[in-house]
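Raw run.cif, mmCIF, C-alpha atoms and all ligand atoms:
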```cif
data_query
loop_
_atom_site.label_atom_id
_atom_site.label_comp_id
_atom_site.auth_asym_id
_atom_site.auth_seq_id
_atom_site.Cartn_x
_atom_site.Cartn_y
_atom_site.Cartn_z
CA MET A 18 18.92 -16.16 11.86
CA GLN A 19 21.08 -17.20 8.91
CA HIS A 20 18.10 -19.17 7.60
CA ILE A 21 15.96 -16.03 7.93
CA GLN A 22 18.59 -13.99 6.06
CA ILE A 23 18.65 -16.42 3.15
CA GLU A 24 14.84 -16.64 2.98
CA ALA A 25 14.67 -12.83 3.01
CA ALA A 26 17.30 -12.70 0.24
CA LYS A 27 15.24 -15.15 -1.85
CA ALA A 28 12.08 -13.08 -1.36
CA VAL A 29 13.84 -9.81 -2.26
CA HIS A 30 15.34 -11.53 -5.32
CA LYS A 31 11.88 -12.71 -6.46
CA VAL A 32 10.54 -9.15 -6.19
CA VAL A 33 13.41 -7.24 -7.80
CA HIS A 34 14.50 -9.78 -10.41
CA GLY A 35 11.26 -11.73 -10.86
CA GLY A 36 8.84 -8.79 -10.79
CA ARG A 37 6.73 -10.51 -8.09
CA ASN A 38 4.65 -8.72 -5.49
CA LEU A 39 6.09 -8.89 -1.95
CA THR A 40 2.80 -9.68 -0.20
CA GLN A 41 2.34 -12.80 -2.35
CA VAL A 42 6.00 -13.84 -2.12
CA LEU A 43 5.99 -13.48 1.66
CA SER A 44 2.78 -15.40 2.12
CA GLU A 45 4.20 -18.27 0.01
CA THR A 46 7.45 -18.20 2.03
CA LEU A 47 5.62 -18.18 5.36
CA ARG A 48 3.42 -21.09 4.23
CA LYS A 49 6.53 -23.06 3.20
CA GLU A 50 8.40 -22.12 6.39
CA SER A 51 5.53 -23.05 8.69
CA LYS A 52 7.90 -24.11 11.50
CA LEU A 53 9.22 -20.56 12.05
CA THR A 54 8.28 -19.00 15.40
CA ALA A 55 6.19 -15.80 15.46
CA GLN A 56 9.37 -13.88 16.28
CA GLU A 57 11.25 -15.41 13.32
CA LYS A 58 8.33 -14.62 11.01
CA GLY A 59 8.42 -11.01 12.21
CA ALA A 60 12.19 -10.86 11.63
CA LEU A 61 11.79 -12.26 8.10
CA GLN A 62 9.16 -9.67 7.27
CA ASP A 63 11.30 -6.87 8.69
CA LEU A 64 14.30 -7.93 6.58
CA CYS A 65 12.22 -8.08 3.39
CA TYR A 66 10.40 -4.79 3.96
CA GLY A 67 13.52 -2.99 5.18
CA THR A 68 15.75 -4.19 2.35
CA LEU A 69 13.14 -3.21 -0.24
CA ARG A 70 12.51 0.15 1.44
CA TYR A 71 16.16 1.12 0.91
CA TYR A 72 16.97 -1.10 -2.07
CA SER A 73 18.68 1.41 -4.40
CA ARG A 74 20.71 2.83 -1.49
CA LEU A 75 21.87 -0.64 -0.47
CA ALA A 76 22.59 -1.54 -4.09
CA TYR A 77 24.74 1.57 -4.45
CA MET A 78 26.72 0.69 -1.32
CA LEU A 79 27.16 -2.89 -2.46
CA ASP A 80 28.38 -1.82 -5.91
CA SER A 81 30.92 0.47 -4.24
CA LEU A 82 32.23 -2.48 -2.23
CA LEU A 83 32.60 -4.90 -5.13
CA GLN A 84 35.43 -5.00 -7.65
CA ARG A 85 33.04 -6.59 -10.18
CA PRO A 86 29.30 -7.40 -10.00
CA VAL A 87 28.43 -10.65 -8.21
CA ARG A 88 27.52 -13.35 -10.70
CA GLU A 89 24.79 -14.91 -8.57
CA PRO A 90 21.92 -12.44 -8.04
CA LEU A 91 20.80 -14.32 -4.90
CA LEU A 92 24.21 -13.68 -3.35
CA GLY A 93 23.81 -9.97 -4.16
CA SER A 94 20.42 -10.01 -2.40
CA LEU A 95 21.92 -11.75 0.65
CA LEU A 96 24.61 -9.06 0.86
CA MET A 97 21.98 -6.33 0.62
CA VAL A 98 19.89 -7.94 3.37
CA ALA A 99 23.00 -8.01 5.58
CA ILE A 100 23.91 -4.39 4.73
CA TYR A 101 20.32 -3.39 5.56
CA GLN A 102 20.70 -5.08 8.95
CA LEU A 103 24.03 -3.35 9.56
CA GLU A 104 22.58 0.03 8.58
CA HIS A 105 19.19 -0.11 10.24
CA THR A 106 18.90 -2.77 12.95
CA LYS A 107 20.22 -3.03 16.47
CA ALA A 108 21.60 -6.58 16.15
CA GLY A 109 25.34 -7.00 16.86
CA LYS A 110 27.41 -6.10 13.79
CA HIS A 111 29.74 -9.10 13.98
CA VAL A 112 26.83 -11.45 14.60
CA ILE A 113 25.15 -10.19 11.41
CA VAL A 114 28.34 -10.71 9.40
CA ASP A 115 28.91 -14.22 10.80
CA GLN A 116 25.33 -15.21 10.08
CA ALA A 117 25.57 -13.95 6.50
CA VAL A 118 28.86 -15.85 6.02
CA HIS A 119 27.19 -19.05 7.28
CA ALA A 120 24.11 -18.43 5.14
CA ALA A 121 26.37 -18.09 2.07
CA LYS A 122 28.33 -21.23 3.06
CA ASN A 123 25.10 -23.25 3.07
CA THR A 124 24.08 -22.13 -0.40
CA ASN A 125 27.47 -21.68 -2.12
CA PRO A 126 30.55 -22.53 -0.01
CA ALA A 127 32.86 -20.76 -2.49
CA ALA A 128 31.07 -17.45 -1.83
CA SER A 129 31.49 -17.23 1.94
CA GLY A 130 34.94 -15.58 1.68
CA LEU A 131 33.52 -12.88 -0.56
CA VAL A 132 30.60 -12.24 1.82
CA ASN A 133 32.99 -11.98 4.75
CA ALA A 134 35.30 -9.58 2.88
CA VAL A 135 32.51 -7.35 1.55
CA LEU A 136 30.71 -7.00 4.88
CA ARG A 137 33.86 -6.36 6.91
CA ASN A 138 34.91 -3.80 4.33
CA TYR A 139 31.45 -2.20 4.71
CA LEU A 140 31.98 -1.94 8.49
CA ARG A 141 35.33 -0.22 7.96
CA ARG A 142 34.01 2.24 5.35
CA GLN A 143 30.47 2.81 6.62
CA SER A 144 30.57 6.59 7.03
CA VAL A 145 32.31 7.18 3.67
CA LEU A 146 29.77 4.92 1.96
CA ARG A 147 26.86 6.76 3.53
CA GLU A 148 28.30 10.09 2.47
CA ALA A 149 28.86 8.88 -1.10
CA ALA A 150 25.32 7.39 -1.28
CA ASN A 151 23.89 10.77 -0.24
CA GLN A 152 25.51 12.42 -3.27
CA LYS A 153 23.27 10.59 -5.77
CA GLU A 154 19.51 11.17 -5.70
CA GLU A 155 18.61 7.55 -6.39
CA SER A 156 20.66 6.25 -3.48
CA HIS A 157 19.96 9.24 -1.25
CA TYR A 158 16.16 8.98 -1.45
CA ALA A 159 15.95 5.26 -2.30
CA TYR A 160 13.59 5.73 -5.26
CA ARG A 161 14.07 5.27 -9.01
CA GLN A 162 15.32 8.40 -10.79
CA TRP A 163 12.19 8.74 -12.99
CA TRP A 164 10.04 8.70 -9.83
CA ILE A 165 12.20 11.36 -8.14
CA ASN A 166 12.06 13.51 -11.30
CA ALA A 167 8.27 13.19 -11.53
CA LEU A 168 7.78 14.18 -7.88
CA LYS A 169 10.21 17.10 -8.16
CA ALA A 170 8.50 18.36 -11.32
CA GLN A 171 5.10 18.21 -9.61
CA TYR A 172 5.87 19.16 -6.01
CA GLY A 173 9.21 21.04 -6.13
CA GLU A 174 10.92 21.12 -2.75
CA GLN A 175 8.11 19.17 -1.10
CA ALA A 176 9.14 16.09 -3.12
CA ALA A 177 11.87 15.22 -0.57
CA GLU A 178 9.35 15.19 2.28
CA ILE A 179 6.97 12.97 0.28
CA MET A 180 9.77 10.48 -0.42
CA GLN A 181 10.89 10.46 3.20
CA ALA A 182 7.30 9.86 4.36
CA GLY A 183 7.16 6.90 1.97
CA ASN A 184 10.26 5.41 3.61
CA ARG A 185 8.90 5.52 7.17
CA HIS A 186 7.40 2.56 8.98
CA PRO A 187 3.62 2.81 8.70
CA PRO A 188 1.56 2.72 11.87
CA MET A 189 -1.13 0.14 12.52
CA THR A 190 -4.39 2.01 11.98
CA LEU A 191 -7.85 0.75 12.84
CA ARG A 192 -11.32 1.61 11.60
CA VAL A 193 -13.97 1.35 14.26
CA ASN A 194 -17.27 -0.14 13.13
CA ALA A 195 -19.87 2.56 13.81
CA ARG A 196 -22.54 -0.15 14.10
CA HIS A 197 -20.89 -1.34 17.32
CA THR A 198 -19.12 1.58 18.96
CA THR A 199 -17.28 4.87 18.44
CA ALA A 200 -13.57 5.68 18.23
CA PRO A 201 -13.49 6.98 21.86
CA GLY A 202 -15.52 3.92 22.92
CA TYR A 203 -13.06 1.51 21.34
CA GLN A 204 -10.11 3.51 22.67
CA THR A 205 -11.45 2.75 26.17
CA VAL A 206 -11.86 -0.96 25.32
CA LEU A 207 -8.23 -1.00 24.09
CA ALA A 208 -6.98 0.84 27.18
CA ALA A 209 -8.54 -1.84 29.38
CA GLN A 210 -6.21 -4.31 27.61
CA ASP A 211 -3.22 -1.97 27.98
CA ILE A 212 -3.22 -1.14 24.26
CA ALA A 213 -2.56 2.58 23.78
CA ALA A 214 -4.16 4.29 20.78
CA GLN A 215 -4.71 7.78 19.44
CA ILE A 216 -7.84 8.95 17.57
CA VAL A 217 -6.85 10.55 14.25
CA GLU A 218 -10.08 10.65 12.19
CA PRO A 219 -13.75 10.18 13.15
CA ASP A 220 -13.53 6.36 12.98
CA ALA A 221 -9.73 5.94 12.95
CA LEU A 222 -7.33 5.00 15.72
CA ILE A 223 -3.56 4.62 15.47
CA LEU A 224 -2.04 2.07 17.81
CA GLU A 225 1.07 3.13 19.69
CA CYS A 226 2.55 -0.34 18.99
CA PRO A 227 1.20 -2.77 16.39
CA VAL A 228 -0.42 -5.95 17.71
CA PRO A 229 -1.58 -9.11 15.89
CA VAL A 230 -5.26 -8.71 14.94
CA GLU A 231 -6.18 -11.70 17.16
CA LYS A 232 -5.12 -9.57 20.12
CA LEU A 233 -7.58 -6.79 19.21
CA PRO A 234 -10.64 -6.97 21.48
CA LYS A 235 -13.83 -7.93 19.62
CA PHE A 236 -11.99 -8.24 16.28
CA ASN A 237 -13.73 -11.51 15.43
CA GLU A 238 -17.06 -9.97 16.41
CA GLY A 239 -16.50 -7.26 13.78
CA TRP A 240 -16.00 -4.24 16.01
CA VAL A 241 -12.88 -3.12 14.20
CA SER A 242 -10.86 -3.51 10.99
CA VAL A 243 -7.33 -2.61 9.93
CA GLN A 244 -7.40 0.30 7.44
CA ASP A 245 -5.21 3.36 6.85
CA ALA A 246 -6.73 6.66 8.00
CA GLY A 247 -6.43 8.19 4.49
CA ALA A 248 -8.44 5.31 3.02
CA GLN A 249 -11.17 6.04 5.56
CA TYR A 250 -11.92 9.41 3.93
CA ALA A 251 -13.62 7.68 0.99
CA ALA A 252 -16.79 6.43 2.70
CA HIS A 253 -17.37 9.80 4.42
CA PHE A 254 -16.78 11.78 1.21
CA LEU A 255 -19.27 9.65 -0.73
CA ASP A 256 -22.03 10.88 1.60
CA VAL A 257 -24.23 7.77 1.66
CA HIS A 258 -27.67 7.73 3.31
CA ASP A 259 -30.09 4.99 4.31
CA GLY A 260 -31.95 3.44 1.40
CA MET A 261 -29.48 4.49 -1.31
CA ARG A 262 -28.44 2.22 -4.14
CA VAL A 263 -24.62 2.27 -4.20
CA LEU A 264 -21.98 0.77 -6.50
CA ASP A 265 -18.42 0.03 -5.33
CA ALA A 266 -16.84 -0.63 -8.71
CA CYS A 267 -13.28 -1.73 -7.79
CA ALA A 268 -14.09 -3.19 -4.44
CA ALA A 269 -11.52 -5.81 -3.42
CA PRO A 270 -10.35 -6.47 -0.75
CA GLY A 271 -13.40 -4.60 0.54
CA GLY A 272 -12.09 -2.10 3.08
CA LYS A 273 -14.13 0.78 1.68
CA THR A 274 -17.09 -1.49 0.85
CA ALA A 275 -17.35 -2.44 4.52
CA HIS A 276 -16.90 1.13 5.72
CA LEU A 277 -19.80 2.31 3.50
CA LEU A 278 -22.02 -0.44 4.92
CA GLU A 279 -21.02 0.48 8.47
CA LEU A 280 -22.15 4.08 7.91
CA ALA A 281 -25.64 3.58 6.44
CA ASP A 282 -28.28 0.99 5.50
CA ILE A 283 -27.61 0.93 1.78
CA GLU A 284 -28.16 -1.52 -1.07
CA LEU A 285 -24.60 -2.11 -2.21
CA LEU A 286 -23.20 -3.86 -5.27
CA ALA A 287 -19.46 -4.64 -4.91
CA VAL A 288 -17.72 -5.38 -8.23
CA ASP A 289 -14.11 -6.34 -8.90
CA LYS A 290 -12.49 -8.06 -11.81
CA ASP A 291 -10.27 -10.26 -9.64
CA GLU A 292 -12.25 -13.26 -8.37
CA LEU A 293 -9.50 -14.27 -5.95
CA ARG A 294 -9.43 -10.84 -4.30
CA LEU A 295 -13.26 -10.89 -4.13
CA GLY A 296 -12.87 -13.79 -1.69
CA ARG A 297 -11.35 -11.25 0.73
CA VAL A 298 -14.42 -8.98 0.30
CA ARG A 299 -16.70 -11.88 1.24
CA GLU A 300 -14.53 -12.79 4.25
CA ASN A 301 -14.49 -9.19 5.49
CA LEU A 302 -18.25 -8.81 5.11
CA GLN A 303 -18.84 -12.08 6.91
CA ARG A 304 -16.65 -11.12 9.88
CA LEU A 305 -18.29 -7.69 10.08
CA LYS A 306 -21.79 -9.21 9.60
CA LEU A 307 -22.51 -6.86 6.70
CA ASP A 308 -24.38 -7.60 3.53
CA ALA A 309 -23.66 -6.71 -0.10
CA GLN A 310 -24.06 -8.26 -3.52
CA VAL A 311 -20.55 -9.29 -4.63
CA VAL A 312 -19.96 -9.76 -8.36
CA CYS A 313 -16.89 -10.50 -10.48
CA GLY A 314 -16.84 -8.12 -13.42
CA ASP A 315 -14.97 -5.46 -15.35
CA ALA A 316 -15.89 -1.92 -14.33
CA ALA A 317 -15.10 -0.82 -17.90
CA SER A 318 -17.72 -3.28 -19.30
CA PRO A 319 -20.85 -2.80 -17.14
CA GLU A 320 -23.06 -4.38 -19.83
CA ASP A 321 -21.78 -7.75 -18.53
CA TRP A 322 -23.07 -7.28 -14.96
CA TRP A 323 -25.33 -4.21 -14.66
CA ASP A 324 -29.12 -4.68 -14.34
CA GLY A 325 -29.87 -1.26 -15.87
CA LYS A 326 -30.99 0.44 -12.61
CA ALA A 327 -29.01 3.64 -11.92
CA PHE A 328 -26.95 4.12 -8.74
CA GLU A 329 -27.26 7.20 -6.51
CA ARG A 330 -23.66 6.85 -5.36
CA ILE A 331 -20.64 5.26 -7.05
CA LEU A 332 -17.21 4.66 -5.62
CA ALA A 333 -14.53 4.30 -8.33
CA ASP A 334 -11.41 3.28 -6.36
CA VAL A 335 -9.56 2.67 -9.59
CA PRO A 336 -6.39 0.60 -10.21
CA CYS A 337 -3.36 2.90 -9.94
CA SER A 338 0.41 3.09 -9.43
CA ALA A 339 -0.10 2.85 -5.63
CA SER A 340 2.68 5.45 -5.36
CA GLY A 341 0.98 6.89 -2.25
CA VAL A 342 1.21 3.68 -0.24
CA VAL A 343 4.88 2.74 -0.63
CA ARG A 344 5.49 2.90 3.12
CA ARG A 345 3.20 -0.15 3.36
CA HIS A 346 4.32 -1.69 0.04
CA PRO A 347 7.98 -0.74 -0.59
CA ASP A 348 8.20 -3.31 -3.43
CA ILE A 349 6.10 -0.92 -5.55
CA LYS A 350 9.08 1.43 -5.85
CA TRP A 351 10.97 -1.24 -7.82
CA LEU A 352 8.06 -2.93 -9.59
CA ARG A 353 6.60 0.16 -11.29
CA ARG A 354 8.01 1.41 -14.57
CA GLN A 355 7.70 4.96 -15.78
CA GLU A 356 5.39 3.99 -18.65
CA ASP A 357 2.95 2.34 -16.19
CA ILE A 358 1.71 5.76 -15.09
CA ALA A 359 0.35 6.71 -18.52
CA ASN A 360 -1.06 3.18 -18.94
CA PHE A 361 -2.90 3.45 -15.63
CA ALA A 362 -4.28 6.85 -16.71
CA VAL A 363 -5.80 5.23 -19.83
CA GLN A 364 -7.47 2.47 -17.74
CA GLN A 365 -8.67 5.01 -15.17
CA ALA A 366 -10.28 7.17 -17.87
CA GLN A 367 -12.01 4.09 -19.36
CA VAL A 368 -13.42 2.99 -16.00
CA LEU A 369 -14.60 6.51 -15.16
CA GLU A 370 -16.23 6.90 -18.57
CA SER A 371 -18.12 3.60 -18.29
CA LEU A 372 -19.29 4.19 -14.73
CA TRP A 373 -20.66 7.67 -15.44
CA SER A 374 -23.58 6.28 -17.45
CA LEU A 375 -24.57 4.13 -14.44
CA LEU A 376 -24.94 7.16 -12.16
CA ALA A 377 -28.43 8.56 -11.52
CA SER A 378 -29.00 12.26 -12.22
CA ASP A 379 -28.20 14.31 -9.11
CA GLY A 380 -26.00 11.36 -8.06
CA LYS A 381 -22.39 11.52 -6.84
CA LEU A 382 -19.35 9.55 -7.96
CA LEU A 383 -16.16 9.50 -5.92
CA TYR A 384 -13.01 8.95 -8.00
CA ALA A 385 -10.22 7.65 -5.77
CA THR A 386 -6.60 6.56 -6.19
CA CYS A 387 -3.74 5.85 -3.81
CA SER A 388 -1.37 7.68 -6.15
CA VAL A 389 0.57 10.91 -5.72
CA PHE A 390 1.04 11.48 -9.46
CA ALA A 391 -1.14 14.18 -11.05
CA ARG A 392 -1.25 12.18 -14.31
CA GLU A 393 -3.50 9.62 -12.58
CA ASN A 394 -5.35 12.13 -10.43
CA GLN A 395 -6.14 15.76 -11.29
CA GLN A 396 -5.37 15.19 -14.97
CA VAL A 397 -7.75 12.23 -15.39
CA VAL A 398 -10.50 14.21 -13.66
CA ALA A 399 -9.84 17.42 -15.64
CA GLU A 400 -9.96 15.50 -18.95
CA PHE A 401 -13.18 13.80 -17.85
CA LEU A 402 -14.82 17.10 -16.88
CA ALA A 403 -13.82 18.59 -20.23
CA ARG A 404 -15.67 15.73 -22.01
CA HIS A 405 -18.83 15.86 -19.83
CA ASP A 406 -21.08 18.92 -19.60
CA ASP A 407 -23.30 17.12 -17.09
CA ALA A 408 -20.42 16.63 -14.61
CA SER A 409 -19.13 19.08 -12.04
CA LYS A 410 -16.65 18.74 -9.20
CA ILE A 411 -17.75 19.21 -5.59
CA GLU A 412 -14.88 20.68 -3.58
CA LEU A 413 -13.74 18.37 -0.80
CA SER A 414 -12.06 19.66 2.29
CA ALA A 415 -9.96 17.80 4.82
CA THR A 416 -6.91 18.72 6.86
CA GLY A 417 -3.78 18.49 4.72
CA MET A 418 -5.66 17.84 1.47
CA ILE A 419 -4.86 20.14 -1.45
CA ASP A 420 -6.83 19.91 -4.69
CA GLY A 421 -8.02 16.43 -3.67
CA GLN A 422 -4.49 15.21 -2.94
CA LEU A 423 -3.71 13.88 0.50
CA LEU A 424 0.05 13.44 0.76
CA PRO A 425 1.59 10.65 2.82
CA ASP A 426 2.51 11.70 6.35
CA ARG A 427 2.73 10.09 9.79
CA GLU A 428 -1.02 9.56 10.02
CA HIS A 429 -2.06 8.82 6.43
CA ASP A 430 -0.99 7.09 3.28
CA GLY A 431 -1.19 9.20 0.11
CA PHE A 432 -4.62 9.30 -1.56
CA PHE A 433 -6.42 11.36 -4.17
CA TYR A 434 -10.15 12.03 -4.11
CA ALA A 435 -12.46 13.83 -6.54
CA LEU A 436 -16.21 13.94 -5.92
CA LEU A 437 -18.19 14.40 -9.14
CA HIS A 438 -21.84 15.46 -9.29
CA LYS A 439 -24.18 14.57 -12.16
CA GLN A 440 -26.50 17.36 -13.19
CA ALA A 441 -30.10 16.84 -12.00
C1 LIG B 501 -7.16 0.09 -5.16
S1 LIG B 501 -7.77 -1.51 -5.25
C2 LIG B 501 -9.34 -1.32 -4.48
C3 LIG B 501 -9.27 -1.28 -2.98
C4 LIG B 501 -10.65 -1.39 -2.35
N1 LIG B 501 -11.55 -0.37 -2.84
C5 LIG B 501 -10.59 -1.30 -0.84
O1 LIG B 501 -10.78 -0.24 -0.27
O2 LIG B 501 -10.33 -2.33 -0.21
C6 LIG B 501 -8.21 -1.60 -6.93
C7 LIG B 501 -9.02 -2.82 -7.29
O3 LIG B 501 -9.47 -2.66 -8.63
C8 LIG B 501 -9.58 -3.92 -9.24
N2 LIG B 501 -9.67 -3.68 -10.69
C9 LIG B 501 -8.69 -3.33 -11.54
N3 LIG B 501 -9.19 -3.12 -12.78
C10 LIG B 501 -10.53 -3.31 -12.67
C11 LIG B 501 -11.59 -3.24 -13.60
N4 LIG B 501 -11.39 -2.90 -14.87
N5 LIG B 501 -12.83 -3.55 -13.17
C12 LIG B 501 -13.06 -3.89 -11.87
N6 LIG B 501 -12.09 -3.98 -10.96
C13 LIG B 501 -10.83 -3.69 -11.35
C14 LIG B 501 -8.36 -4.66 -8.73
O4 LIG B 501 -8.56 -6.06 -8.81
C15 LIG B 501 -8.26 -4.15 -7.30
O5 LIG B 501 -8.90 -5.05 -6.43
#
```
Show how you would write the structure in this file as structure tokens.
Ligand SMILES: C[S@@+](CC[C@H](N)C(=O)[O-])C[C@H]1O[C@@H](n2cnc3c(N)ncnc32)[C@H](O)[C@@H]1O
Amino acid sequence: MQHIQIEAAKAVHKVVHGGRNLTQVLSETLRKESKLTAQEKGALQDLCYGTLRYYSRLAYMLDSLLQRPVREPLLGSLLMVAIYQLEHTKAGKHVIVDQAVHAAKNTNPAASGLVNAVLRNYLRRQSVLREAANQKEESHYAYRQWWINALKAQYGEQAAEIMQAGNRHPPMTLRVNARHTTAPGYQTVLAAQDIAAQIVEPDALILECPVPVEKLPKFNEGWVSVQDAGAQYAAHFLDVHDGMRVLDACAAPGGKTAHLLELADIELLAVDKDELRLGRVRENLQRLKLDAQVVCGDAASPEDWWDGKAFERILADVPCSASGVVRRHPDIKWLRRQEDIANFAVQQAQVLESLWSLLASDGKLLYATCSVFARENQQVVAEFLARHDDASKIELSATGMIDGQLLPDREHDGFFYALLHKQA
């Protein structure tokens, strides 16, 4: 376990101090540590996700325990991983401390005394530390102060609930491929394998306990995919019908592309500017036995890839802060800077503007983000509508959605949707 602690500390360090994305860091670590058992890999992931979920709270506690800041940032990360374990896991407290002391000894023998002293001091002062951490918003909610301020300004008292939802463990949610079966049909297939699941949306099932995808019946045959229930709204909202020409302009890794193709026989062009991520779109389509034209291109420069024939439906799942999906990607809370929000809004407006001219008259464009900030959502759409007389908004309705905003809760990540109609 001490090896797992140190690898988790290195990964957390690369995210917080190196600005790297956790998914990439973890996949590199797991490739390097190929001898780890499945259980050890799970433990490593849990330590990374958990430590990043509560990072500013753990940092506050650590600062309170230190006379002066630790000089080696990796040592600081190791202490935070251990404090996370002490706060949130069921492992024996003294075992956790001993493992962290050994982990420190292996990397810097001089530091093991400090690790021992800090963690034992934490155990003695745990309740006082928790109380003190609750007095400061940043350590109480475990978000950056600018983020807390933005949510409070927009949502008032509801901001606390949104932040708490973003700190919960996400469920494993499946999308059932309508070309093979239905949600109740697949629920029965799962039950036969003793996998309990609840239907939450027309094609969405939440598993009672997550399982590796290889354990999902008919996964390789394309019966099912992993996708959050909130993300599954997109394909239904876009209202595609057989024979339509459809553009998915920011398509990778292809979750919504595949869902659209599962719902109707459409001619679909999937564009993304990241060639590497487009590989995932191709893999997904292959597994699901679906067909689309996949092109690497910039949605803001269609002249480079568009053949001039208008689309009846466009999905613009634009790049965004991803502030609605932090329960699945807790690293985002520490990677985003306040100024990123306005920068995303500029990019989003550019993409929307460019795609509008590709839409056929009487066509529909669905603008989508996984953000909870109005600056990237309602405001981008309102500014767009003010510039375009030929555009109008079609009201969307779904349980829990207000003005296009679906807030994160037990069943969904946070998403924003606006369906725009082009005058006939
Ligand atoms: C939110 S993700 C899309 C998720 C995808 N629709 C799905 O459901 O799996 C946003 C995507 O936009 C892509 N992207 C960002 N800027 C872009 C641009 N200017 N043109 C095309 N794609 C872009 C990113 O590479 C990323 O894959």
*Residue with smallest distance to Arg161 in chain A - pool A:Phe432, A:Tyr72, A:Phe390, A:Tyr66, counting only C-alpha atoms*: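 With only C-alpha atoms as the atom set, the closest residue is A:Tyr72.
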Within 10 Å of ligand LIG 501 (chain B), which residues of chain A come that close, and what is the closest atom pair and distance in Å for each? Count only C-alpha atoms and all ligand atoms and give it as a tab-separated table.
```
residue	atom	partner	partner_atom	distance
A:Gln244	CA	B:LIG501	O1	8.4
A:Asp245	CA	B:LIG501	O1	9.7
A:Ala248	CA	B:LIG501	O1	6.9
A:Gln249	CA	B:LIG501	O1	8.6
A:Ala251	CA	B:LIG501	O1	8.5
A:Ala252	CA	B:LIG501	O1	9.5
A:Asp265	CA	B:LIG501	N1	7.3
A:Ala266	CA	B:LIG501	C12	5.9
A:Cys267	CA	B:LIG501	O3	4.0
A:Ala268	CA	B:LIG501	N1	4.1
A:Ala269	CA	B:LIG501	O5	4.1
A:Pro270	CA	B:LIG501	O2	4.2
A:Gly271	CA	B:LIG501	O2	3.9
A:Gly272	CA	B:LIG501	O2	3.7
A:Lys273	CA	B:LIG501	O1	4.0
A:Thr274	CA	B:LIG501	O1	6.5
A:Ala275	CA	B:LIG501	O1	8.4
A:His276	CA	B:LIG501	O1	8.7
A:Ala287	CA	B:LIG501	N1	9.2
A:Val288	CA	B:LIG501	C12	6.1
A:Asp289	CA	B:LIG501	N6	3.7
A:Lys290	CA	B:LIG501	N6	4.2
A:Asp291	CA	B:LIG501	O4	4.6
A:Glu292	CA	B:LIG501	O4	8.1
A:Leu293	CA	B:LIG501	O4	8.7
A:Arg294	CA	B:LIG501	O5	6.2
A:Leu295	CA	B:LIG501	O5	7.6
A:Arg297	CA	B:LIG501	O2	9.0
A:Val298	CA	B:LIG501	O2	7.8
A:Asn301	CA	B:LIG501	O2	9.8
A:Val312	CA	B:LIG501	C12	9.7
A:Cys313	CA	B:LIG501	C12	7.8
A:Gly314	CA	B:LIG501	C12	5.9
A:Asp315	CA	B:LIG501	N5	3.6
A:Ala316	CA	B:LIG501	N5	3.7
A:Ala317	CA	B:LIG501	N4	5.2
A:Ser318	CA	B:LIG501	N4	7.7
A:Pro319	CA	B:LIG501	N5	9.0
A:Leu332	CA	B:LIG501	N1	8.1
A:Ala333	CA	B:LIG501	N1	7.8
A:Asp334	CA	B:LIG501	N1	5.1
A:Val335	CA	B:LIG501	C6	5.2
A:Pro336	CA	B:LIG501	C6	4.3
A:Cys337	CA	B:LIG501	C1	6.7
A:Ser338	CA	B:LIG501	C1	9.2
A:Ala339	CA	B:LIG501	C1	7.6
A:Phe361	CA	B:LIG501	N3	9.5
A:Gln364	CA	B:LIG501	N4	7.2
A:Gln365	CA	B:LIG501	N4	8.4
A:Gln367	CA	B:LIG501	N4	8.3
A:Val368	CA	B:LIG501	N4	6.3
A:Leu369	CA	B:LIG501	N4	9.9
A:Ser371	CA	B:LIG501	N4	10.0
A:Ala385	CA	B:LIG501	C1	8.2
A:Thr386	CA	B:LIG501	C1	6.6
A:Cys387	CA	B:LIG501	C1	6.8
A:Ser388	CA	B:LIG501	C1	9.6
```
*Expressed in Å to a single decimal, how great is the separation between CA of Pro234 in chain A and CA of Thr46 in chain A?*
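Computing the Euclidean distance for CA of Pro234 in chain A and CA of Thr46 in chain A yields 28.8 Å.
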*Would you mind listing what lies within 9 Å of range 75-77 of chain A as a PyMOL selection string, with only C-alpha atoms counted and same-chain residues fewer than 6 positions away left out?*
chain A and resi 68+93-94+96-98+100-101+146+150+155-156+159
Give me a file of those residues, with C-alpha atoms, as a short mmCIF file (atom, residue, chain, number, x, y, z; two decimals), in the coordinates of the input.
```cif
data_model
loop_
_atom_site.label_atom_id
_atom_site.label_comp_id
_atom_site.auth_asym_id
_atom_site.auth_seq_id
_atom_site.Cartn_x
_atom_site.Cartn_y
_atom_site.Cartn_z
CA THR A 68 15.75 -4.19 2.35
CA GLY A 93 23.81 -9.97 -4.16
CA SER A 94 20.42 -10.01 -2.40
CA LEU A 96 24.61 -9.06 0.86
CA MET A 97 21.98 -6.33 0.62
CA VAL A 98 19.89 -7.94 3.37
CA ILE A 100 23.91 -4.39 4.73
CA TYR A 101 20.32 -3.39 5.56
CA LEU A 146 29.77 4.92 1.96
CA ALA A 150 25.32 7.39 -1.28
CA GLU A 155 18.61 7.55 -6.39
CA SER A 156 20.66 6.25 -3.48
CA ALA A 159 15.95 5.26 -2.30
#
```
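Distances to Ser409 in chain A were evaluated for A:Leu286, A:Leu437, A:Val397, A:Leu191 using only C-alpha atoms, and the minimum falls at A:Leu437.
Distance-wise, CA of Pro86 in chain A and CA of Leu131 in chain A end up 11.7 Å apart.
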_Using Å and a single decimal, report how far CA of Arg353 in chain A sits from CA of Ala149 in chain A._
26.0 Å
*asked:* Quick one: residues within 12 Å of Ala26 in chain A, all atoms listed in the file, excluding same-chain residues fewer than 2 positions away - as a PyMOL selection string?
replied: chain A and resi 19-24+28-34+42-43+46+61-69+72+89-101+117+120-121+124
